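Written out below as structure tokens is the structure these notes cover.
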Amino acid sequence: MGAPLRDAAAVAGVGYTPFGKDSGVSTTTLACEAILAALDDAGLGPEDVDGIATHRVGDSSPPWVVAPALGIEDQGWYLDQFGGGSVSHAVLGQAAMAIAAGVAETVVCYRAINARSEFRMGGQGRPPAGAFDLQYQAPYGLLAPAQHYALLARAHMLAYGTAHEHLGAVAVGQREKAAGNPRALKRAPITMEDYLASRWIAEPFRLLDCCLETDGACALVLTSAERARDLRRPPVNITAAAWGGGHSSYSGAGAGGIGADTTTSAAARLAPRLYAMAGLGPADVDVAELYDCFTWTVLVQLEDYGFCAKGEGGPYAASGALRIGGELPVNTHGGFLSEGYVHGINHAAEAVQQLRGDAGPRQVPGAEVALSTAQPGYVLAGTSALLLTAAR
Amino acid sequence: MPGAPPAAEPRRPRPAPRTPPVPQAGGADLRQKGEETMTEPERPRPGADRDSAAWWELVRGHRLAVQRCTGCALLRFPAREYCPACRSRSWEWQDSAGTGRVASWTVTHQPFHPAFAAEVPYTVLRVALDDGPGLHCWGRLAGAGPEVLAAGLPVEAVFTDAGPGLTLVDWRPAAPRR
């Protein structure tokens with residue numbers, strides 16, 4: 001018998017706001033719009049909701065504001081998770097746990113951010129995180145995620161010969177897929193020459209290595225797998241959820257220097273748990289939506305989720321394997337680099353559409369198993385991920 | 001009993017907290033009183049925590065130190081009260097050799113914060129200390145341009161007094177040894 005969580009909950013609906021650079025509205029409004037769209041997709045309404053969950057870093061409207069705004073006055077179960085991209089899939093996993101435990105039947109999960117017009121990552125408008133590692137970094141001008149991931153990417157390049165063109169292959173390939181996504185903020189094709197000519201942000205990252213700071217929201221409706229079968233859309237089961245992995249405090253502040261080697265991410269520890277819960281392995285995955293705040297995080301996750309050997313992420317990405325018709329289609333919506341950055345949940349939403357078979361021109365034919373992942377970690381000591389399966 | 005921490009031993013005296021204490025993180029405005037300026041944005045200074053205040057105090061005296069667990073001898077940084085290996089709370093400062101190897105670097109071109117806008121491009125290093133495994137610091141590259149950088153390049157600490165009550169640890173290529 002599998003874990004009680006396995007296939008207990010399903011995604012019954014997904015919803016979005018438009019993505020852009022200035023929504024002109026509050027994060028409460030963004031959250032409500034995405035939640036209502038997701039409920040409509042599922043054929044449900046706010047009166048059916050008895051749970052609500054999100055994550056935030058002081059930059060968004062919490063469940064206790066959003067739920068009453070939608071007339072949900074008794075939140076049967078709620079989660080206001082502190083954290084950024086690394087916990088994006090932990091929110092979904094915990095909602096599935098609440099459903100599996102019988103604490104809630106129908107949970108809306110959302111992330112709503114004005115990440116361009118109000119709160120820029122690592123920049124102005126955002127309250128600083130607690131001291132901890134930041135006190136040893138910020139005074140040197142080491143502040144923004146781009147800089148932190150640049151340090152990790154550089155170490156990977158030094159260790160394995162990962163090349164600028166390997167990073168570029170991710171950027172160019174994801175833009176190619178975004179052409180088939182009407183939600184995507186960036187759909188015009190780019191070439192490797194365009195990539196290499198784009199300006200430096202924090203070496204080794206160029207502008208086209210960085211995701212799009214986005215205003216927008218996305219929501220998923222989760223309910224029991226049993227109930228989902230009776231709803232409007234083909235259900236997509238949450239077959240496995242896992243989080244943790246440690247190995248992220250890249251100061252190396254641990255016994256024997258845990259976290260000292262930044263060329264491996266928290267995903268390497270999480271992946272075996274995730275696959276074991278599902279009874280599946282990397283070879284079973286038909287499509288993967290891998291957290292891509294920067295190009296490099298795709299490469300390290302290709303390795304750490306077992307799709308290629310350690311150090312081979314760059315050549316694997318450059319081989320064409322990540323295309324829609326390739327061995328492992330990755331970030332079929334264009335990812336944060338081209339669709340937009342909603343901090344993780346839009347990866348899960350895309351995975352759901354792939355497994356429902358309604359991804360249009362970017363559909364991976366016959367996709368039945370999808371991996372969707374969170375930020376692989378340099379802060380908050382871990383990552384999170386889901387394995388989703390078409391409940392046919 | 002496995003995992004049981006050894007009995008807490010008397011702790012070595014540590015430098016007295018600075019007065020006034022280092023500002024705590026949690027607000028964007030971390031400037032100190034009397035430092036108001038309309039022209040130059042303040043460098044972000046997340047505050048020390050109760051584990052690290054003494055470490056920063058040592059740095060202000062141009063000492064770079066790591067903690068040495070007196071239970072199991074593990075060296076650790078950043079400062080924490082418990083040893084992550086043996087869970088002892090007994091520790092002492094050990095002076096770092098002040099040397100390390102370049103583990104990674106990034107050259108920042110984008111001005112992410114107004115306080116650093118006039119400094120781009122600048123190079124931040126992640127340095128593996130020679131004192132032991134798993135000890136990493138961050139700091140600016142000093143005394144050279146990024147073209148000299150390579151994996152494992154030997155570097156040595158330099159102390160930069162960056163303003164009232166703030167001393168930073170930067171890194172310059174180590175002088176060749178004879």
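Ligands are numbered from 1 in the order shown, chains are lettered A, B, ... in the order of the structure tokens, and residues start at 1 in each chain.
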
Contact table chain B vs chain A, cut-off 7 Å, shortest pair per residue, only C-alpha atoms, as CSV:
residue,atom,partner,partner_atom,distance
B:Ala25,CA,A:Ala131,CA,5.6
B:Gly26,CA,A:Pro128,CA,6.0
B:Gly27,CA,A:Pro127,CA,6.2
B:Ala28,CA,A:Pro127,CA,6.0
B:Arg43,CA,A:Pro139,CA,6.4
B:Pro44,CA,A:Pro139,CA,5.8
B:Arg45,CA,A:Pro139,CA,5.7
B:Pro46,CA,A:Gln135,CA,4.9
B:Gly47,CA,A:Ala131,CA,6.0
B:Ala48,CA,A:Ala131,CA,6.5
B:Asp49,CA,A:Ala131,CA,6.6
B:Arg76,CA,A:Ala253,CA,6.3
B:Phe77,CA,A:Ala253,CA,5.6
B:Pro78,CA,A:Ala253,CA,6.1
B:Pro84,CA,A:Ala255,CA,5.2
B:Ala85,CA,A:Ala255,CA,5.0
B:Ala103,CA,A:Ala155,CA,6.6
B:Ser104,CA,A:Ala155,CA,5.3
B:Trp105,CA,A:Leu151,CA,5.4
B:Thr106,CA,A:Glu203,CA,5.2
B:Val107,CA,A:Glu203,CA,5.0
B:Thr108,CA,A:Ala202,CA,4.2
B:His109,CA,A:Ile201,CA,5.2
B:Gln110,CA,A:Ile201,CA,5.0
B:Phe112,CA,A:Gly123,CA,5.7
B:His113,CA,A:Gly123,CA,6.1
B:Phe116,CA,A:Gly141,CA,6.3
B:Pro133,CA,A:Gly257,CA,5.9
B:Gly134,CA,A:Gly257,CA,3.3
B:Leu135,CA,A:Gly252,CA,5.8
B:His136,CA,A:Ser251,CA,5.2
B:Cys137,CA,A:Ser251,CA,6.7
B:Trp138,CA,A:Gln137,CA,6.2
B:Gly139,CA,A:Tyr140,CA,5.9
B:Arg140,CA,A:Tyr140,CA,6.2
B:Ala151,CA,A:Leu158,CA,6.4

Create the file for the chosen residues now, containing C-alpha atoms and written as a compact mmCIF listing (two decimals), in the first residue's frame.
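Listing of again05.txt after writing:
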# COMPACT_ATOMS: atom_id res chain seq x y z
CA ALA B 25 16.73 43.52 10.61
CA GLY B 26 13.10 44.01 9.84
CA GLY B 27 12.89 47.50 8.49
CA ALA B 28 14.20 49.00 5.30
CA ARG B 43 24.07 50.57 2.46
CA PRO B 44 21.66 47.89 3.57
CA ARG B 45 22.74 46.63 6.96
CA PRO B 46 20.68 43.73 8.16
CA GLY B 47 21.25 43.59 11.87
CA ALA B 48 23.27 41.09 13.74
CA ASP B 49 21.29 38.53 15.67
CA ARG B 76 31.44 26.38 12.30
CA PHE B 77 30.36 29.61 10.69
CA PRO B 78 28.04 31.56 10.80
CA PRO B 84 25.10 20.83 14.54
CA ALA B 85 27.16 17.65 14.92
CA ALA B 103 34.58 28.86 -4.56
CA SER B 104 32.54 31.09 -6.83
CA TRP B 105 32.03 34.69 -7.86
CA THR B 106 29.60 36.96 -9.61
CA VAL B 107 30.20 40.29 -11.28
CA THR B 108 27.13 42.43 -10.70
CA HIS B 109 26.22 44.88 -13.45
CA GLN B 110 22.61 45.59 -12.52
CA PHE B 112 19.80 46.21 -7.53
CA HIS B 113 19.95 48.76 -4.73
CA PHE B 116 25.46 50.18 -4.79
CA PRO B 133 35.58 22.09 5.42
CA GLY B 134 32.18 23.67 5.09
CA LEU B 135 33.16 27.19 6.15
CA HIS B 136 32.17 29.81 3.61
CA CYS B 137 32.18 33.59 3.67
CA TRP B 138 31.05 36.19 1.21
CA GLY B 139 32.85 39.41 0.45
CA ARG B 140 34.03 41.79 -2.24
CA ALA B 151 38.34 28.14 -9.16

- Task: Could you give me, as a list in words, the residues within 10 Å of Ala144 in chain B, counting only C-alpha atoms and dropping anything in the same chain fewer than 6 positions from it?
- Result: Thr123, Trp171, Arg172 and Pro173 of chain B

- Task: Please identify which residues in range 48-125 of chain A DSSP calls strand (DSSP E) from the backbone, and express them as a PyMOL selection string.
- Result: chain A and resi 51-56+77-82+106-114

- Please provide the set of residues having any atom within 7 Å of Gly51 in chain A, restricted to only C-alpha atoms, with same-chain residues fewer than 5 positions apart removed, written as JSON, numbers by chain. {"A": [75, 76, 77, 78, 104, 106, 107, 108]}

Using the selection just defined, write its residues with C-alpha atoms as an mmCIF file, in the first residue's frame.
data_model
loop_
_atom_site.group_PDB
_atom_site.id
_atom_site.type_symbol
_atom_site.label_atom_id
_atom_site.label_comp_id
_atom_site.auth_asym_id
_atom_site.auth_seq_id
_atom_site.Cartn_x
_atom_site.Cartn_y
_atom_site.Cartn_z
ATOM 1 C CA GLN A 75 -12.231 28.981 6.510
ATOM 2 C CA GLY A 76 -12.457 25.360 7.549
ATOM 3 C CA TRP A 77 -8.740 24.971 6.932
ATOM 4 C CA TYR A 78 -6.179 27.587 6.078
ATOM 5 C CA ALA A 104 -11.142 19.937 4.278
ATOM 6 C CA THR A 106 -12.268 21.598 -1.343
ATOM 7 C CA VAL A 107 -9.250 23.879 -0.979
ATOM 8 C CA VAL A 108 -8.262 26.849 -3.124
#

- Name the residues in contact with Leu153 in chain B at a cut-off of 8 Å, using only C-alpha atoms, excluding same-chain residues fewer than 4 positions from it; report them as number ranges by chain. B: 101-102, 149, 173

Need the shell around range 359-366 of chain A: protein/DNA/RNA residues with any atom at most 9 Å away, counting only C-alpha atoms. Skip same-chain ones fewer than 4 positions apart. Format as a PDB file with C-alpha atoms, in the first residue's frame?
ATOM      1  CA  LYS A 177       7.509  26.724 -26.427  1.00  0.00           C
ATOM      2  CA  ALA A 178       5.967  29.986 -25.210  1.00  0.00           C
ATOM      3  CA  ALA A 179       4.951  30.709 -28.792  1.00  0.00           C
ATOM      4  CA  GLY A 180       2.161  28.199 -28.233  1.00  0.00           C
ATOM      5  CA  ASN A 181       0.973  29.809 -24.999  1.00  0.00           C
ATOM      6  CA  ASP A 286       6.168  12.537 -19.570  1.00  0.00           C
ATOM      7  CA  VAL A 287       6.495  16.254 -18.950  1.00  0.00           C
ATOM      8  CA  ILE A 324       7.695  19.343 -26.976  1.00  0.00           C
ATOM      9  CA  GLY A 325       8.571  16.337 -29.144  1.00  0.00           C
ATOM     10  CA  PRO A 329       9.505  18.173 -22.593  1.00  0.00           C
ATOM     11  CA  THR A 332       6.008  23.668 -21.941  1.00  0.00           C
ATOM     12  CA  HIS A 333       4.377  27.022 -21.081  1.00  0.00           C
ATOM     13  CA  GLU A 350       0.584  24.087 -16.635  1.00  0.00           C
ATOM     14  CA  GLN A 353      -3.394  21.344 -18.369  1.00  0.00           C
ATOM     15  CA  GLN A 354      -0.871  19.002 -19.963  1.00  0.00           C
ATOM     16  CA  LEU A 355      -2.390  16.027 -18.152  1.00  0.00           C
TER      17      LEU A 355
END

- Task: Write out as a PyMOL selection string each polymer residue whose atoms come within 12 Å of Gly98 in chain B, counting only C-alpha atoms; drop sequence neighbours fewer than 3 positions from it.
- Result: chain B and resi 59+62-66+94-95+101+127-132+135-137+154-159+169-174

Set the distance at 9 Å and use only C-alpha atoms: which residues neighbour Val300 in chain A once local chain neighbours fewer than 3 positions away are removed? I'd like the list as an mmCIF file with all heavy atoms, in the first residue's frame.
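Result file follows (part.cif):
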data_model
loop_
_atom_site.group_PDB
_atom_site.id
_atom_site.type_symbol
_atom_site.label_atom_id
_atom_site.label_comp_id
_atom_site.auth_asym_id
_atom_site.auth_seq_id
_atom_site.Cartn_x
_atom_site.Cartn_y
_atom_site.Cartn_z
ATOM 1 N N ALA A 153 25.462 29.113 -10.125
ATOM 2 C CA ALA A 153 25.681 28.716 -11.520
ATOM 3 C C ALA A 153 27.166 28.720 -11.852
ATOM 4 O O ALA A 153 27.666 27.819 -12.528
ATOM 5 C CB ALA A 153 24.924 29.663 -12.451
ATOM 6 N N HIS A 156 28.833 25.658 -10.665
ATOM 7 C CA HIS A 156 28.493 24.516 -11.529
ATOM 8 C C HIS A 156 29.312 24.563 -12.818
ATOM 9 O O HIS A 156 29.787 23.526 -13.307
ATOM 10 C CB HIS A 156 26.989 24.577 -11.829
ATOM 11 C CG HIS A 156 26.396 23.310 -12.342
ATOM 12 N ND1 HIS A 156 26.342 23.012 -13.680
ATOM 13 C CD2 HIS A 156 25.802 22.261 -11.697
ATOM 14 C CE1 HIS A 156 25.735 21.828 -13.845
ATOM 15 N NE2 HIS A 156 25.404 21.350 -12.652
ATOM 16 N N THR A 263 26.752 22.749 -6.114
ATOM 17 C CA THR A 263 26.457 22.237 -7.449
ATOM 18 C C THR A 263 25.355 21.192 -7.427
ATOM 19 O O THR A 263 24.912 20.741 -8.468
ATOM 20 C CB THR A 263 27.717 21.631 -8.115
ATOM 21 O OG1 THR A 263 28.157 20.513 -7.337
ATOM 22 C CG2 THR A 263 28.835 22.655 -8.191
ATOM 23 N N THR A 264 24.927 20.789 -6.241
ATOM 24 C CA THR A 264 23.786 19.893 -6.095
ATOM 25 C C THR A 264 22.738 20.611 -5.265
ATOM 26 O O THR A 264 23.052 21.256 -4.266
ATOM 27 C CB THR A 264 24.216 18.587 -5.401
ATOM 28 O OG1 THR A 264 25.131 17.904 -6.265
ATOM 29 C CG2 THR A 264 23.019 17.684 -5.147
ATOM 30 N N SER A 265 21.475 20.509 -5.659
ATOM 31 C CA SER A 265 20.402 21.248 -5.003
ATOM 32 C C SER A 265 19.668 20.369 -4.003
ATOM 33 O O SER A 265 19.881 19.152 -3.926
ATOM 34 C CB SER A 265 19.413 21.762 -6.044
ATOM 35 O OG SER A 265 18.608 20.708 -6.522
ATOM 36 N N ALA A 267 16.870 19.344 -4.276
ATOM 37 C CA ALA A 267 16.054 18.366 -5.005
ATOM 38 C C ALA A 267 16.674 16.970 -4.985
ATOM 39 O O ALA A 267 15.955 15.967 -5.071
ATOM 40 C CB ALA A 267 15.860 18.828 -6.447
ATOM 41 N N TRP A 296 19.726 28.465 -14.999
ATOM 42 C CA TRP A 296 20.562 27.421 -14.393
ATOM 43 C C TRP A 296 19.760 26.466 -13.511
ATOM 44 O O TRP A 296 20.100 25.283 -13.394
ATOM 45 C CB TRP A 296 21.694 28.047 -13.560
ATOM 46 C CG TRP A 296 22.492 27.019 -12.844
ATOM 47 C CD1 TRP A 296 23.437 26.207 -13.397
ATOM 48 C CD2 TRP A 296 22.371 26.657 -11.471
ATOM 49 N NE1 TRP A 296 23.929 25.360 -12.431
ATOM 50 C CE2 TRP A 296 23.293 25.607 -11.240
ATOM 51 C CE3 TRP A 296 21.593 27.106 -10.403
ATOM 52 C CZ2 TRP A 296 23.446 25.015 -9.996
ATOM 53 C CZ3 TRP A 296 21.742 26.513 -9.164
ATOM 54 C CH2 TRP A 296 22.657 25.476 -8.962
ATOM 55 N N THR A 297 18.705 26.947 -12.883
ATOM 56 C CA THR A 297 17.972 26.052 -11.980
ATOM 57 C C THR A 297 17.351 24.883 -12.751
ATOM 58 O O THR A 297 17.148 23.808 -12.192
ATOM 59 C CB THR A 297 16.882 26.798 -11.181
ATOM 60 O OG1 THR A 297 15.955 27.403 -12.064
ATOM 61 C CG2 THR A 297 17.496 27.848 -10.277
ATOM 62 N N GLU A 303 19.452 17.228 -13.421
ATOM 63 C CA GLU A 303 20.385 16.276 -12.804
ATOM 64 C C GLU A 303 19.797 15.690 -11.523
ATOM 65 O O GLU A 303 19.784 14.471 -11.327
ATOM 66 C CB GLU A 303 21.707 16.996 -12.487
ATOM 67 C CG GLU A 303 22.390 17.563 -13.718
ATOM 68 C CD GLU A 303 23.483 18.568 -13.383
ATOM 69 O OE1 GLU A 303 23.788 18.758 -12.189
ATOM 70 O OE2 GLU A 303 24.040 19.158 -14.333
ATOM 71 N N ASP A 304 19.297 16.562 -10.653
ATOM 72 C CA ASP A 304 18.943 16.131 -9.307
ATOM 73 C C ASP A 304 17.621 15.357 -9.258
ATOM 74 O O ASP A 304 17.381 14.616 -8.302
ATOM 75 C CB ASP A 304 18.904 17.336 -8.361
ATOM 76 C CG ASP A 304 20.300 17.937 -8.174
ATOM 77 O OD1 ASP A 304 21.279 17.269 -8.550
ATOM 78 O OD2 ASP A 304 20.399 19.067 -7.658
ATOM 79 N N TYR A 305 16.772 15.522 -10.265
ATOM 80 C CA TYR A 305 15.576 14.677 -10.366
ATOM 81 C C TYR A 305 15.829 13.424 -11.209
ATOM 82 O O TYR A 305 14.906 12.673 -11.493
ATOM 83 C CB TYR A 305 14.389 15.474 -10.904
ATOM 84 C CG TYR A 305 13.745 16.354 -9.837
ATOM 85 C CD1 TYR A 305 13.979 17.714 -9.797
ATOM 86 C CD2 TYR A 305 12.928 15.806 -8.846
ATOM 87 C CE1 TYR A 305 13.419 18.517 -8.813
ATOM 88 C CE2 TYR A 305 12.360 16.595 -7.857
ATOM 89 C CZ TYR A 305 12.606 17.951 -7.840
ATOM 90 O OH TYR A 305 12.055 18.737 -6.862
ATOM 91 N N LYS A 310 24.860 13.625 -13.105
ATOM 92 C CA LYS A 310 25.355 14.855 -12.465
ATOM 93 C C LYS A 310 26.358 15.541 -13.377
ATOM 94 O O LYS A 310 27.280 14.899 -13.892
ATOM 95 C CB LYS A 310 26.005 14.515 -11.122
ATOM 96 C CG LYS A 310 26.256 15.749 -10.262
ATOM 97 C CD LYS A 310 24.954 16.349 -9.791
ATOM 98 C CE LYS A 310 25.026 17.840 -9.570
ATOM 99 N NZ LYS A 310 23.688 18.453 -9.394
ATOM 100 N N GLY A 311 26.137 16.823 -13.566
ATOM 101 C CA GLY A 311 27.039 17.591 -14.405
ATOM 102 C C GLY A 311 26.654 17.623 -15.871
ATOM 103 O O GLY A 311 27.224 18.381 -16.654
ATOM 104 N N GLU A 312 25.664 16.795 -16.241
ATOM 105 C CA GLU A 312 25.277 16.684 -17.649
ATOM 106 C C GLU A 312 24.051 17.510 -18.012
ATOM 107 O O GLU A 312 23.508 17.408 -19.117
ATOM 108 C CB GLU A 312 25.006 15.213 -18.002
ATOM 109 C CG GLU A 312 26.244 14.334 -17.970
ATOM 110 C CD GLU A 312 27.273 14.774 -18.995
ATOM 111 O OE1 GLU A 312 26.908 15.004 -20.164
ATOM 112 O OE2 GLU A 312 28.450 14.923 -18.610
ATOM 113 N N GLY A 313 23.566 18.301 -17.046
ATOM 114 C CA GLY A 313 22.356 19.088 -17.296
ATOM 115 C C GLY A 313 22.490 20.009 -18.500
ATOM 116 O O GLY A 313 21.549 20.142 -19.294
ATOM 117 N N GLY A 314 23.638 20.645 -18.629
ATOM 118 C CA GLY A 314 23.842 21.570 -19.744
ATOM 119 C C GLY A 314 23.779 20.882 -21.089
ATOM 120 O O GLY A 314 22.956 21.241 -21.948
ATOM 121 N N PRO A 376 14.689 25.191 -6.286
ATOM 122 C CA PRO A 376 15.479 24.095 -5.712
ATOM 123 C C PRO A 376 16.310 24.484 -4.504
ATOM 124 O O PRO A 376 16.961 23.623 -3.917
ATOM 125 C CB PRO A 376 16.362 23.653 -6.875
ATOM 126 C CG PRO A 376 16.479 24.860 -7.737
ATOM 127 C CD PRO A 376 15.178 25.597 -7.607
#
